[in-house]
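J.: data-v2.txt (compact mmCIF, C-alpha atoms) pasted underneath:
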# COMPACT_ATOMS: atom_id res chain seq x y z
CA MET K 1 0.00 0.00 0.00
CA TYR K 2 2.77 2.41 1.03
CA LYS K 3 4.75 1.60 -2.12
CA ASN K 4 1.69 2.20 -4.28
CA GLN K 5 1.10 5.61 -2.66
CA THR K 6 4.74 6.56 -3.15
CA LEU K 7 4.58 5.54 -6.79
CA LEU K 8 1.39 7.57 -7.24
CA HIS K 9 3.03 10.63 -5.70
CA LEU K 10 6.02 10.25 -8.00
CA CYS K 11 3.73 10.06 -11.01
CA TRP K 12 1.92 13.23 -10.02
CA LEU K 13 5.24 14.95 -9.45
CA LEU K 14 6.46 13.99 -12.92
CA ILE K 15 3.23 15.22 -14.51
CA PHE K 16 3.39 18.51 -12.62
CA THR K 17 7.03 19.24 -13.38
CA SER K 18 6.66 18.38 -17.04
CA ALA K 19 3.60 20.68 -17.33
CA CYS K 20 5.57 23.54 -15.78
CA LYS K 21 8.72 22.92 -17.78
CA THR K 22 8.15 25.76 -20.25
CA THR K 23 7.88 28.43 -17.57
CA LYS K 24 10.33 27.09 -14.99
CA LEU K 25 13.53 29.14 -14.64
CA THR K 26 16.91 28.16 -13.30
CA ILE K 27 17.32 30.64 -10.45
CA LYS K 28 20.80 31.51 -9.31
CA ASN K 29 21.70 33.59 -6.29
CA PRO K 30 21.64 37.26 -7.29
CA PRO K 31 25.02 38.98 -7.14
CA ALA K 32 25.47 40.82 -3.85
CA ASP K 33 26.36 44.04 -5.62
CA LEU K 34 23.11 43.95 -7.62
CA VAL K 35 21.10 43.37 -4.45
CA GLU K 36 22.81 46.37 -2.90
CA VAL K 37 22.17 48.55 -5.94
CA ILE K 38 18.45 47.76 -5.80
CA ARG K 39 18.04 47.89 -2.04
CA ASP K 40 20.03 51.11 -1.73
CA ASN K 41 17.06 52.89 -3.25
CA PRO K 42 14.08 52.84 -0.87
CA LEU K 43 11.64 53.47 -3.74
CA PHE K 44 11.68 49.78 -4.61
CA ASN K 45 10.43 48.96 -1.11
CA GLU K 46 8.27 51.97 -0.23
CA ASN K 47 5.60 51.15 -2.80
CA PHE K 48 4.63 48.10 -4.85
CA SER K 49 7.55 47.23 -7.15
CA GLY K 50 8.07 44.02 -9.09
CA ILE K 51 11.36 43.16 -10.80
CA HIS K 52 12.31 40.28 -13.05
CA ILE K 53 15.71 39.99 -14.75
CA GLU K 54 16.83 36.89 -16.62
CA THR K 55 19.40 35.91 -19.22
CA LEU K 56 18.09 35.19 -22.69
CA ASP K 57 20.65 32.52 -23.63
CA ASP K 58 20.26 30.11 -20.70
CA GLY K 59 17.07 31.27 -18.96
CA GLN K 60 18.67 31.98 -15.60
CA ALA K 61 16.87 34.44 -13.35
CA ILE K 62 19.40 37.00 -12.15
CA TYR K 63 17.03 38.87 -9.84
CA GLN K 64 13.37 38.58 -8.81
CA GLN K 65 11.20 40.71 -6.56
CA PHE K 66 7.46 40.06 -6.51
CA SER K 67 8.00 38.52 -9.93
CA ASN K 68 4.77 36.52 -9.74
CA ARG K 69 2.60 39.32 -8.34
CA ARG K 70 0.13 41.08 -10.62
CA PHE K 71 0.63 44.74 -11.53
CA THR K 72 -1.17 47.31 -13.68
CA PRO K 73 1.07 47.31 -16.79
CA ALA K 74 -0.22 50.41 -18.64
CA SER K 75 1.39 50.36 -22.12
CA ASN K 76 3.47 47.27 -21.36
CA ILE K 77 0.35 45.43 -22.55
CA LYS K 78 1.43 46.43 -26.08
CA ILE K 79 4.14 43.76 -25.83
CA LEU K 80 1.35 41.15 -25.87
CA THR K 81 -0.38 42.91 -28.77
CA LEU K 82 2.89 42.93 -30.73
CA TYR K 83 3.45 39.21 -30.25
CA ALA K 84 -0.14 38.39 -31.22
CA ALA K 85 0.10 40.51 -34.37
CA LEU K 86 3.41 38.98 -35.44
CA GLU K 87 2.03 35.46 -34.98
CA ILE K 88 -1.44 35.91 -36.49
CA LEU K 89 -0.91 38.53 -39.19
CA ASN K 90 2.61 37.53 -40.17
CA GLU K 91 3.73 39.78 -43.08
CA LYS K 92 0.27 40.69 -44.47
CA ILE K 93 -2.59 42.71 -43.04
CA PRO K 94 -6.18 42.60 -44.38
CA THR K 95 -7.15 46.17 -45.23
CA PHE K 96 -10.80 45.68 -46.28
CA GLN K 97 -13.23 43.11 -47.68
CA TYR K 98 -15.70 43.49 -50.53
CA LEU K 99 -18.46 41.79 -52.45
CA SER K 100 -19.89 42.76 -55.83
CA GLN K 101 -23.42 41.83 -56.88
CA ARG K 102 -25.10 43.27 -59.95
CA ASP K 103 -24.52 47.03 -59.76
CA THR K 104 -23.69 47.23 -56.03
CA LEU K 105 -20.32 47.02 -54.28
CA TRP K 106 -20.34 46.27 -50.53
CA ILE K 107 -17.30 47.10 -48.45
CA TRP K 108 -16.48 45.98 -44.89
CA GLY K 109 -13.61 47.41 -42.86
CA THR K 110 -11.10 45.14 -41.16
CA GLY K 111 -9.88 47.67 -38.59
CA ASP K 112 -6.64 48.39 -40.48
CA PRO K 113 -5.36 51.61 -38.84
CA ALA K 114 -3.15 52.84 -41.67
CA PHE K 115 -5.69 54.39 -44.09
CA LEU K 116 -4.78 58.09 -44.42
CA TYR K 117 -3.06 58.02 -41.02
CA ASP K 118 -0.15 60.45 -41.26
CA LYS K 119 2.03 58.50 -38.79
CA VAL K 120 2.45 55.49 -41.09
CA THR K 121 2.58 54.67 -44.80
CA GLN K 122 -0.14 52.57 -46.37
CA ASN K 123 1.24 50.71 -49.36
CA PHE K 124 -2.14 50.24 -51.01
CA SER K 125 -4.28 52.75 -52.90
CA PHE K 126 -7.94 52.47 -51.95
CA SER K 127 -8.65 55.29 -54.41
CA SER K 128 -7.18 53.28 -57.31
CA PHE K 129 -9.28 50.30 -56.29
CA LEU K 130 -12.51 52.33 -56.37
CA GLN K 131 -11.63 53.95 -59.69
CA SER K 132 -11.34 50.51 -61.23
CA ARG K 133 -14.84 49.50 -60.11
CA ILE K 134 -17.83 49.81 -62.45
CA GLU K 135 -20.59 49.30 -59.87
CA LYS K 136 -23.03 52.22 -59.62
CA VAL K 137 -23.66 51.92 -55.88
CA ILE K 138 -21.00 51.58 -53.17
CA LEU K 139 -22.20 50.68 -49.67
CA LEU K 140 -20.11 50.66 -46.50
CA SER K 141 -21.29 48.08 -43.96
CA GLN K 142 -20.06 47.62 -40.41
CA ALA K 143 -22.08 44.52 -39.57
CA ASN K 144 -18.83 42.72 -38.67
CA PHE K 145 -17.99 45.33 -35.99
CA MET K 146 -19.32 44.08 -32.65
CA ASP K 147 -17.42 46.21 -30.18
CA ASP K 148 -17.82 49.36 -28.11
CA ARG K 149 -16.14 52.63 -29.05
CA PHE K 150 -14.02 52.55 -25.86
CA GLY K 151 -12.39 49.65 -24.07
CA ALA K 152 -13.46 48.32 -20.68
CA GLY K 153 -11.80 50.25 -17.87
CA TRP K 154 -10.91 53.32 -19.95
CA ALA K 155 -11.31 56.68 -18.24
CA TRP K 156 -14.54 58.28 -19.43
CA GLU K 157 -13.22 61.85 -19.00
CA ASP K 158 -10.38 61.24 -21.50
CA TYR K 159 -12.72 61.29 -24.50
CA PRO K 160 -11.37 64.63 -25.89
CA TYR K 161 -7.69 63.64 -25.87
CA ALA K 162 -5.71 62.23 -28.80
CA PHE K 163 -4.35 59.27 -26.81
CA GLN K 164 -7.88 57.81 -26.46
CA VAL K 165 -9.51 57.67 -29.87
CA GLU K 166 -12.50 55.49 -30.62
CA LYS K 167 -12.23 51.98 -32.04
CA THR K 168 -13.83 51.67 -35.47
CA PRO K 169 -14.13 49.07 -38.26
CA PHE K 170 -12.90 51.44 -40.99
CA PRO K 171 -10.61 54.03 -39.37
CA ILE K 172 -9.70 57.09 -41.38
CA TYR K 173 -7.17 59.84 -40.59
CA GLY K 174 -6.34 58.02 -37.38
CA ASN K 175 -9.90 58.86 -36.26
CA ARG K 176 -8.66 62.34 -35.43
CA VAL K 177 -9.14 65.94 -36.51
CA THR K 178 -5.93 67.94 -37.05
CA PHE K 179 -5.76 71.60 -36.05
CA HIS K 180 -2.73 73.31 -37.58
CA ASN K 181 -1.63 76.94 -37.54
CA PRO K 182 1.75 76.91 -39.32
CA THR K 183 2.30 80.68 -39.49
CA GLY K 184 0.35 82.02 -36.53
CA ASP K 185 -2.36 83.58 -38.69
CA ASP K 186 -3.58 80.70 -40.86
CA LEU K 187 -5.55 78.09 -38.90
CA ASN K 188 -6.23 74.92 -40.88
CA ILE K 189 -8.66 72.19 -39.82
CA PHE K 190 -8.39 68.80 -41.48
CA PRO K 191 -10.45 67.00 -42.66
CA SER K 192 -12.14 70.17 -43.88
CA TYR K 193 -15.54 68.66 -43.06
CA PHE K 194 -14.98 69.62 -39.42
CA MET K 195 -14.44 73.31 -40.17
CA GLN K 196 -18.20 73.83 -40.01
CA ASN K 197 -18.23 72.19 -36.56
CA SER K 198 -15.40 74.24 -35.00
CA TYR K 199 -15.93 77.49 -33.12
CA VAL K 200 -13.89 80.03 -31.18
CA ASP K 201 -14.98 80.05 -27.54
CA PRO K 202 -13.87 83.26 -25.76
CA THR K 203 -14.26 81.57 -22.36
CA LEU K 204 -11.57 78.96 -23.09
CA LYS K 205 -8.04 79.70 -21.90
CA ASN K 206 -4.53 78.21 -22.04
CA ASN K 207 -4.52 77.46 -25.78
CA LYS K 208 -7.19 74.87 -25.23
CA ILE K 209 -9.13 72.85 -27.81
CA THR K 210 -11.96 70.69 -26.54
CA ARG K 211 -14.91 68.74 -27.88
CA ALA K 212 -18.48 68.16 -26.79
CA GLU K 213 -18.78 64.72 -25.21
CA THR K 214 -21.66 63.47 -27.34
CA GLU K 215 -21.20 65.27 -30.67
CA ASN K 216 -18.50 66.43 -33.07
CA GLN K 217 -18.49 70.07 -31.95
CA PHE K 218 -15.01 71.51 -31.32
CA SER K 219 -14.31 74.63 -29.27
CA LEU K 220 -11.06 76.57 -29.65
CA ALA K 221 -9.54 79.13 -27.33
CA LYS K 222 -9.42 82.64 -28.78
CA ASN K 223 -5.66 83.05 -28.39
CA LEU K 224 -4.99 80.10 -30.72
CA LYS K 225 -5.70 82.39 -33.68
CA ASN K 226 -2.26 84.02 -33.29
CA LYS K 227 -0.22 81.01 -32.14
CA LYS K 228 1.81 78.53 -34.18
CA PHE K 229 0.77 75.00 -33.27
CA LYS K 230 -0.29 71.59 -34.53
CA THR K 231 -2.44 69.20 -32.52
CA THR K 232 -5.14 66.58 -32.96
CA ARG K 233 -8.40 65.66 -31.27
CA PRO K 234 -10.48 62.49 -31.71
CA PHE K 235 -13.84 62.66 -33.43
CA ILE K 236 -16.92 60.62 -32.59
CA HIS K 237 -17.36 57.68 -34.91
CA GLN K 238 -20.59 57.55 -36.88
CA PRO K 239 -20.96 55.12 -39.81
CA SER K 240 -22.54 57.80 -41.98
CA LEU K 241 -19.65 60.15 -41.15
CA THR K 242 -17.07 57.58 -42.25
CA ALA K 243 -18.91 57.18 -45.55
CA ARG K 244 -19.02 60.96 -45.96
CA LEU K 245 -15.29 61.39 -45.25
CA LEU K 246 -14.45 58.59 -47.67
CA SER K 247 -16.62 60.18 -50.35
CA ASP K 248 -15.00 63.60 -49.89
CA THR K 249 -11.50 62.13 -49.97
CA LEU K 250 -11.88 59.63 -52.80
CA ASN K 251 -14.26 61.65 -55.02
CA ARG K 252 -16.65 58.74 -55.32
CA LEU K 253 -20.04 58.56 -53.63
CA ILE K 254 -20.04 56.01 -50.81
CA LYS K 255 -23.11 55.43 -48.70
CA PHE K 256 -23.59 53.79 -45.35
CA ASP K 257 -25.43 50.49 -45.68
CA ARG K 258 -28.37 51.01 -43.33
CA LEU K 259 -29.50 47.43 -43.83
CA GLN K 260 -26.12 46.29 -42.48
CA ARG K 261 -25.44 43.37 -44.78
CA ILE K 262 -23.67 40.60 -42.88
CA LEU K 263 -20.18 39.76 -44.07
CA PRO K 264 -20.59 36.72 -46.36
CA LYS K 265 -18.01 33.96 -46.64
CA SER K 266 -17.80 34.69 -50.36
CA SER K 267 -16.40 38.20 -49.75
CA ILE K 268 -12.94 38.96 -51.12
CA VAL K 269 -10.20 40.02 -48.69
CA VAL K 270 -7.76 42.66 -49.91
CA GLU K 271 -4.41 42.49 -48.13
CA ARG K 272 -1.36 44.73 -48.14
CA ASP K 273 2.21 44.24 -47.02
CA LEU K 274 2.66 44.78 -43.30
CA SER K 275 5.87 46.68 -42.63
CA ASP K 276 7.61 47.17 -39.30
CA GLU K 277 6.78 50.87 -39.53
CA LEU K 278 3.37 50.17 -38.03
CA TYR K 279 4.86 48.16 -35.17
CA ARG K 280 7.50 50.81 -34.47
CA GLN K 281 4.87 53.52 -34.25
CA MET K 282 2.92 51.40 -31.77
CA MET K 283 5.92 50.43 -29.65
CA GLN K 284 8.23 53.43 -29.83
CA GLU K 285 5.60 56.18 -29.77
CA SER K 286 3.19 54.09 -27.68
CA ASP K 287 0.41 54.63 -30.20
CA ASN K 288 -2.79 53.44 -28.49
CA PHE K 289 -4.85 53.79 -31.66
CA ILE K 290 -2.69 51.34 -33.61
CA ALA K 291 -2.63 48.86 -30.72
CA GLU K 292 -6.41 48.79 -30.38
CA GLN K 293 -7.02 48.53 -34.11
CA LEU K 294 -4.49 45.72 -34.49
CA LEU K 295 -6.43 43.61 -32.01
CA LEU K 296 -9.57 44.21 -34.08
CA VAL K 297 -7.70 43.17 -37.25
CA ILE K 298 -6.47 40.02 -35.50
CA GLY K 299 -10.05 39.23 -34.43
CA GLY K 300 -11.28 39.62 -37.98
CA LYS K 301 -8.57 37.28 -39.22
CA LEU K 302 -9.48 34.65 -36.61
CA THR K 303 -13.27 34.88 -36.58
CA ASP K 304 -14.51 37.45 -39.17
CA THR K 305 -15.72 39.52 -36.20
CA LEU K 306 -14.13 42.75 -34.95
CA ASN K 307 -14.41 42.41 -31.18
CA THR K 308 -11.58 43.00 -28.70
CA HIS K 309 -12.92 40.86 -25.86
CA GLN K 310 -13.62 37.89 -28.11
CA THR K 311 -10.18 38.22 -29.73
CA ILE K 312 -8.35 38.25 -26.39
CA GLU K 313 -10.30 35.23 -25.18
CA GLN K 314 -9.29 33.26 -28.25
CA LEU K 315 -5.64 34.35 -27.97
CA GLN K 316 -5.54 33.27 -24.33
CA GLN K 317 -6.76 29.82 -25.33
CA THR K 318 -4.02 29.50 -27.95
CA LEU K 319 -0.90 31.68 -28.08
CA PHE K 320 -0.99 32.76 -24.43
CA GLN K 321 -2.42 29.61 -22.88
CA GLU K 322 0.71 29.03 -20.79
CA ILE K 323 0.32 32.33 -18.90
CA LYS K 324 -3.45 32.88 -19.06
CA GLU K 325 -3.97 31.99 -15.39
CA ASP K 326 -1.40 34.59 -14.33
CA ILE K 327 -2.81 37.59 -16.16
CA ARG K 328 -5.93 39.65 -16.80
CA TRP K 329 -5.88 41.04 -20.33
CA THR K 330 -8.51 43.59 -21.30
CA ASP K 331 -7.38 45.79 -24.19
CA GLY K 332 -4.63 46.21 -26.77
CA SER K 333 -3.12 49.50 -25.64
CA GLY K 334 -2.96 49.43 -21.86
CA LEU K 335 -5.37 52.32 -21.31
CA SER K 336 -7.47 50.07 -19.09
CA ARG K 337 -6.68 49.74 -15.40
CA TYR K 338 -8.34 46.32 -15.53
CA ASN K 339 -5.19 44.87 -17.15
CA LEU K 340 -2.97 42.87 -14.80
CA LEU K 341 0.37 41.27 -15.68
CA THR K 342 3.19 39.79 -13.67
CA PRO K 343 6.82 40.72 -14.42
CA ARG K 344 7.42 37.03 -15.12
CA SER K 345 4.53 36.79 -17.59
CA ILE K 346 5.95 39.76 -19.51
CA ALA K 347 9.34 38.04 -19.54
CA TRP K 348 7.63 34.96 -21.02
CA VAL K 349 6.27 37.03 -23.92
CA LEU K 350 9.62 38.77 -24.44
CA ARG K 351 11.28 35.35 -24.73
CA LYS K 352 8.65 34.27 -27.28
CA LEU K 353 9.35 37.42 -29.31
CA SER K 354 13.07 36.64 -29.30
CA GLN K 355 12.29 33.22 -30.76
CA LYS K 356 10.08 34.76 -33.42
CA LEU K 357 12.35 37.50 -34.77
CA PRO K 358 16.06 37.95 -35.47
CA GLN K 359 17.70 40.01 -32.74
CA GLU K 360 18.43 43.10 -34.85
CA ARG K 361 14.87 43.34 -36.12
CA LEU K 362 13.40 42.67 -32.70
CA LEU K 363 15.39 45.39 -30.95
CA SER K 364 14.58 47.87 -33.72
CA LEU K 365 10.88 47.69 -32.82
CA PHE K 366 11.39 48.86 -29.22
CA PRO K 367 12.34 52.33 -28.01
CA ALA K 368 16.14 52.57 -27.70
CA GLY K 369 17.57 54.23 -24.59
CA GLY K 370 18.77 57.76 -25.28
CA VAL K 371 17.76 57.50 -28.94
CA SER K 372 14.11 56.94 -29.79
CA GLY K 373 10.51 57.06 -28.69
CA SER K 374 9.61 57.13 -25.02
CA LEU K 375 13.24 56.37 -24.03
CA LYS K 376 14.78 59.23 -26.00
CA ASP K 377 15.70 61.13 -22.83
CA TRP K 378 16.44 58.16 -20.57
CA PHE K 379 18.76 55.16 -20.16
CA GLY K 380 21.21 56.17 -22.89
CA GLY K 381 24.54 54.38 -23.35
CA LYS K 382 27.94 56.04 -23.58
CA ASP K 383 28.64 54.97 -27.15
CA ARG K 384 25.47 53.25 -28.28
CA PRO K 385 22.07 52.29 -26.83
CA PHE K 386 21.98 49.23 -24.60
CA VAL K 387 18.37 49.34 -23.35
CA PHE K 388 15.54 48.42 -25.74
CA ALA K 389 12.30 48.43 -23.80
CA LYS K 390 8.65 49.44 -23.70
CA THR K 391 7.51 51.94 -21.12
CA GLY K 392 4.10 51.96 -19.46
CA SER K 393 2.88 55.07 -17.67
CA MET K 394 -0.31 56.33 -16.10
CA GLY K 395 -1.17 57.86 -12.72
CA GLY K 396 0.69 55.89 -10.05
CA VAL K 397 2.16 53.47 -12.62
CA TYR K 398 5.59 53.26 -14.26
CA CYS K 399 6.75 50.08 -15.98
CA LEU K 400 9.76 49.27 -18.14
CA SER K 401 10.02 45.90 -19.88
CA GLY K 402 12.21 44.71 -22.73
CA TYR K 403 15.82 43.83 -23.42
CA LEU K 404 19.23 44.94 -22.19
CA LYS K 405 22.36 44.30 -24.25
CA THR K 406 25.34 44.01 -21.93
CA LYS K 407 28.93 45.17 -22.43
CA LYS K 408 29.86 41.59 -23.38
CA GLY K 409 27.03 41.39 -25.90
CA ARG K 410 24.72 39.17 -23.85
CA LEU K 411 21.01 39.89 -24.03
CA LEU K 412 19.00 40.12 -20.82
CA ILE K 413 15.23 40.23 -20.39
CA ILE K 414 14.17 42.94 -17.95
CA SER K 415 10.85 43.89 -16.40
CA PHE K 416 10.36 46.62 -13.80
CA MET K 417 6.75 47.21 -12.69
CA ASN K 418 5.99 49.97 -10.20
CA ASN K 419 2.44 50.64 -8.97
CA ASN K 420 0.56 52.67 -6.38
CA PHE K 421 2.98 55.56 -5.94
CA LEU K 422 2.30 59.27 -5.66
CA GLY K 423 3.96 61.97 -7.70
CA ASN K 424 6.06 62.00 -10.86
CA SER K 425 7.44 58.81 -12.42
CA ASN K 426 10.86 60.40 -12.98
CA LYS K 427 11.96 59.24 -9.55
CA TYR K 428 11.51 55.63 -10.66
CA LYS K 429 13.40 56.25 -13.89
CA LYS K 430 16.27 57.61 -11.82
CA ALA K 431 16.07 54.61 -9.48
CA ILE K 432 16.13 52.13 -12.37
CA THR K 433 19.09 53.81 -14.11
CA PRO K 434 21.92 52.49 -11.81
CA VAL K 435 20.39 49.00 -11.92
CA LEU K 436 20.53 48.98 -15.71
CA GLU K 437 24.06 50.36 -15.70
CA TRP K 438 25.19 47.65 -13.26
CA LEU K 439 23.65 44.95 -15.44
CA TYR K 440 25.37 46.36 -18.51
CA GLU K 441 28.80 46.40 -16.86
CA ASN K 442 28.64 43.07 -15.03
CA ASN K 443 27.03 40.55 -17.39
Would you mind writing the file out in structure tokens?

T.:
Amino acid sequence: MYKNQTLLHLCWLLIFTSACKTTKLTIKNPPADLVEVIRDNPLFNENFSGIHIETLDDGQAIYQQFSNRRFTPASNIKILTLYAALEILNEKIPTFQYLSQRDTLWIWGTGDPAFLYDKVTQNFSFSSFLQSRIEKVILLSQANFMDDRFGAGWAWEDYPYAFQVEKTPFPIYGNRVTFHNPTGDDLNIFPSYFMQNSYVDPTLKNNKITRAETENQFSLAKNLKNKKFKTTRPFIHQPSLTARLLSDTLNRLIKFDRLQRILPKSSIVVERDLSDELYRQMMQESDNFIAEQLLLVIGGKLTDTLNTHQTIEQLQQTLFQEIKEDIRWTDGSGLSRYNLLTPRSIAWVLRKLSQKLPQERLLSLFPAGGVSGSLKDWFGGKDRPFVFAKTGSMGGVYCLSGYLKTKKGRLLIISFMNNNFLGNSNKYKKAITPVLEWLYENN
């Protein structure tokens, strides 16, 4: 009886250890000097700080602090979005779908964020496509879009700011209005459609531009008339408005399909080449709009339905199954405070990315310390950048996760997650700096 029980226990142990094999790390004792560098700064102990540092080549954990605790990641969630896009979309992105019957052309958006977005180049001409069509009627349907305009857990009062634009099935101009005064006496509003909806409000101060919460009415401060500036504000998505903007831009009448024809399986998908420019804009400039739209595109590729929640659920059952119990994943950008990741789960995704892409290409997607994006003013090297990582910031949150290339050329995976602090995040950037420098010099 005793032997049988022992054998049973051994069997269970073998099953358990083999199931955990992919996430288990070889942990070595952290160097005393590194411990001192981290513990010398009380910030890492005063608030809630998680740290995970491991070597990429042999998977050894160099240092861990609350590595398995869950933190609000802010824009570190974009690391998951990047991996999902690279795996599901590969080198092509569906840009729209269409069906032609008799004299009518139906078009469905796929969520592709690039159309007329000035931050990226779209290597496909939608105008040329329409000019080649002979159908008399063009209808834009959004029956495949089954999502809300904002993500769960987004701050409702951020609706007028450019970092929180609405999710749409057929985005255009980045779903933003551009206000530009290049000379100080020549205010331009683009698309020009919104000129009729923009007014000078003498009560507004501090160069402010705001929008009504429930309609596309924009108010501008009086002193903006004589100031050089360029800024953007999100507009409210309305299917008829998208059709109108497309018509004005492409010089071909496009109407909103009020009957909302369901996307048929016989529809034709038009794809374009997916360059790293889109990924760099998302990762280096922390573009929330691109991140959210990419998740919609992924959902359309998997299920023909543009729905963020449904897409994430499916990804957690497949690509991210190994870490799904450790995380709560809500949106593509990190705007939601519902997101929860552990430093170790981020490290898992970073390792997967390193297996997916060559090192040079992989590092080029992330902000480089002292050189680009959100790290342009931080963590620079003496001769060349050595930190390639995604930042994540919101009130009381500062995270930094990515890769560190040491003096000897070794690549480390790093994840610093700091939550629940008061004041500016610069103090955490300053605290992290000597840790990164120690890792560079001693590995």

J.: Using only C-alpha atoms, can you list as a list of chain:residue names the residues within 10 Å of (-1.7, 49.0, -31.6)?

T.: K:Ile77, K:Lys78, K:Ile79, K:Thr81, K:Leu82, K:Ala85, K:Pro113, K:Leu278, K:Tyr279, K:Arg280, K:Gln281, K:Met282, K:Met283, K:Ser286, K:Asp287, K:Asn288, K:Phe289, K:Ile290, K:Ala291, K:Glu292, K:Gln293, K:Leu294, K:Leu295, K:Leu296, K:Asp331, K:Gly332, K:Ser333, K:Gly334

J.: Keeping C-alpha atoms for every residue in the selection just given, could you write it to a file as a PDB file, keeping the file's coordinate frame?

T.:
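File written: again18.pdb
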ATOM      1  CA  ILE K  77       0.350  45.430 -22.550  1.00  0.00           C
ATOM      2  CA  LYS K  78       1.430  46.430 -26.080  1.00  0.00           C
ATOM      3  CA  ILE K  79       4.140  43.760 -25.830  1.00  0.00           C
ATOM      4  CA  THR K  81      -0.380  42.910 -28.770  1.00  0.00           C
ATOM      5  CA  LEU K  82       2.890  42.930 -30.730  1.00  0.00           C
ATOM      6  CA  ALA K  85       0.100  40.510 -34.370  1.00  0.00           C
ATOM      7  CA  PRO K 113      -5.360  51.610 -38.840  1.00  0.00           C
ATOM      8  CA  LEU K 278       3.370  50.170 -38.030  1.00  0.00           C
ATOM      9  CA  TYR K 279       4.860  48.160 -35.170  1.00  0.00           C
ATOM     10  CA  ARG K 280       7.500  50.810 -34.470  1.00  0.00           C
ATOM     11  CA  GLN K 281       4.870  53.520 -34.250  1.00  0.00           C
ATOM     12  CA  MET K 282       2.920  51.400 -31.770  1.00  0.00           C
ATOM     13  CA  MET K 283       5.920  50.430 -29.650  1.00  0.00           C
ATOM     14  CA  SER K 286       3.190  54.090 -27.680  1.00  0.00           C
ATOM     15  CA  ASP K 287       0.410  54.630 -30.200  1.00  0.00           C
ATOM     16  CA  ASN K 288      -2.790  53.440 -28.490  1.00  0.00           C
ATOM     17  CA  PHE K 289      -4.850  53.790 -31.660  1.00  0.00           C
ATOM     18  CA  ILE K 290      -2.690  51.340 -33.610  1.00  0.00           C
ATOM     19  CA  ALA K 291      -2.630  48.860 -30.720  1.00  0.00           C
ATOM     20  CA  GLU K 292      -6.410  48.790 -30.380  1.00  0.00           C
ATOM     21  CA  GLN K 293      -7.020  48.530 -34.110  1.00  0.00           C
ATOM     22  CA  LEU K 294      -4.490  45.720 -34.490  1.00  0.00           C
ATOM     23  CA  LEU K 295      -6.430  43.610 -32.010  1.00  0.00           C
ATOM     24  CA  LEU K 296      -9.570  44.210 -34.080  1.00  0.00           C
ATOM     25  CA  ASP K 331      -7.380  45.790 -24.190  1.00  0.00           C
ATOM     26  CA  GLY K 332      -4.630  46.210 -26.770  1.00  0.00           C
ATOM     27  CA  SER K 333      -3.120  49.500 -25.640  1.00  0.00           C
ATOM     28  CA  GLY K 334      -2.960  49.430 -21.860  1.00  0.00           C
TER      29      GLY K 334
END

J.: Out of K:Arg384, K:Lys222, K:Lys205, K:Arg233, which residue has the shortest atom-to-atom distance to K:Arg176 when counting all atoms listed in the file?

T.: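 Once distances to K:Arg176 are computed over all atoms listed in the file, the minimum belongs to K:Arg233.
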
J.: Could you check which of K:Pro73, K:Pro367, K:Pro343, K:Pro171 is closest to K:Tyr398, using only C-alpha atoms?

T.: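 When distances to K:Tyr398 are compared using only C-alpha atoms, the smallest one comes from K:Pro73.
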
J.: Any idea what the distance is between atom CA of K:Ile414 and atom CA of K:Ile312?

T.: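 Those two atoms sit 24.5 Å apart.
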
J.: Excluding same-chain residues fewer than 2 positions from stretch 147-158 of chain K, what lies within 8 Å of it counting only C-alpha atoms, as a PyMOL selection string?

T.: chain K and resi 145+160-161+164-168+237+306-308+330-331+335-338

J.: Okay, now the selection with C-alpha atoms, as a CSV table (one decimal), in the frame of the given file?

T.:
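The resulting file, result16.csv, is shown below:
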chain,number,residue,atom,x,y,z
K,145,PHE,CA,-18.0,45.3,-36.0
K,160,PRO,CA,-11.4,64.6,-25.9
K,161,TYR,CA,-7.7,63.6,-25.9
K,164,GLN,CA,-7.9,57.8,-26.5
K,165,VAL,CA,-9.5,57.7,-29.9
K,166,GLU,CA,-12.5,55.5,-30.6
K,167,LYS,CA,-12.2,52.0,-32.0
K,168,THR,CA,-13.8,51.7,-35.5
K,237,HIS,CA,-17.4,57.7,-34.9
K,306,LEU,CA,-14.1,42.8,-35.0
K,307,ASN,CA,-14.4,42.4,-31.2
K,308,THR,CA,-11.6,43.0,-28.7
K,330,THR,CA,-8.5,43.6,-21.3
K,331,ASP,CA,-7.4,45.8,-24.2
K,335,LEU,CA,-5.4,52.3,-21.3
K,336,SER,CA,-7.5,50.1,-19.1
K,337,ARG,CA,-6.7,49.7,-15.4
K,338,TYR,CA,-8.3,46.3,-15.5

J.: Show which residues sit within 8 Å of stretch 262-264 of chain K, as a JSON list (two decimals) with C-alpha atoms, keeping the file's coordinate frame. Count all atoms listed in the file, and ignore same-chain residues fewer than 3 positions away.

T.:
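result.json, freshly written:
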[["chain", "number", "residue", "atom", "x", "y", "z"],
["K", 108, "TRP", "CA", -16.48, 45.98, -44.89],
["K", 141, "SER", "CA", -21.29, 48.08, -43.96],
["K", 143, "ALA", "CA", -22.08, 44.52, -39.57],
["K", 144, "ASN", "CA", -18.83, 42.72, -38.67],
["K", 267, "SER", "CA", -16.40, 38.20, -49.75],
["K", 304, "ASP", "CA", -14.51, 37.45, -39.17]]

J.: If you measure from atom CA of K:Ser275 to atom CA of K:Tyr83, what distance in Å do you get, rounded to one decimal?

T.: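 These atoms are spaced 14.7 Å apart.
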
J.: How far is it from atom CA of K:Lys382 to atom CA of K:Val397, in Å with one decimal?

T.: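 It comes out at 28.1 Å.
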
J.: Excluding stretch 348-354 of chain K and its own-chain neighbours fewer than 5 positions away, which residues fall within 7 Å of it when counting only C-alpha atoms? Please give them as a list in words.

T.: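 That gives Leu80, Tyr83, Gln359, Leu362 and Gly402 of chain K.
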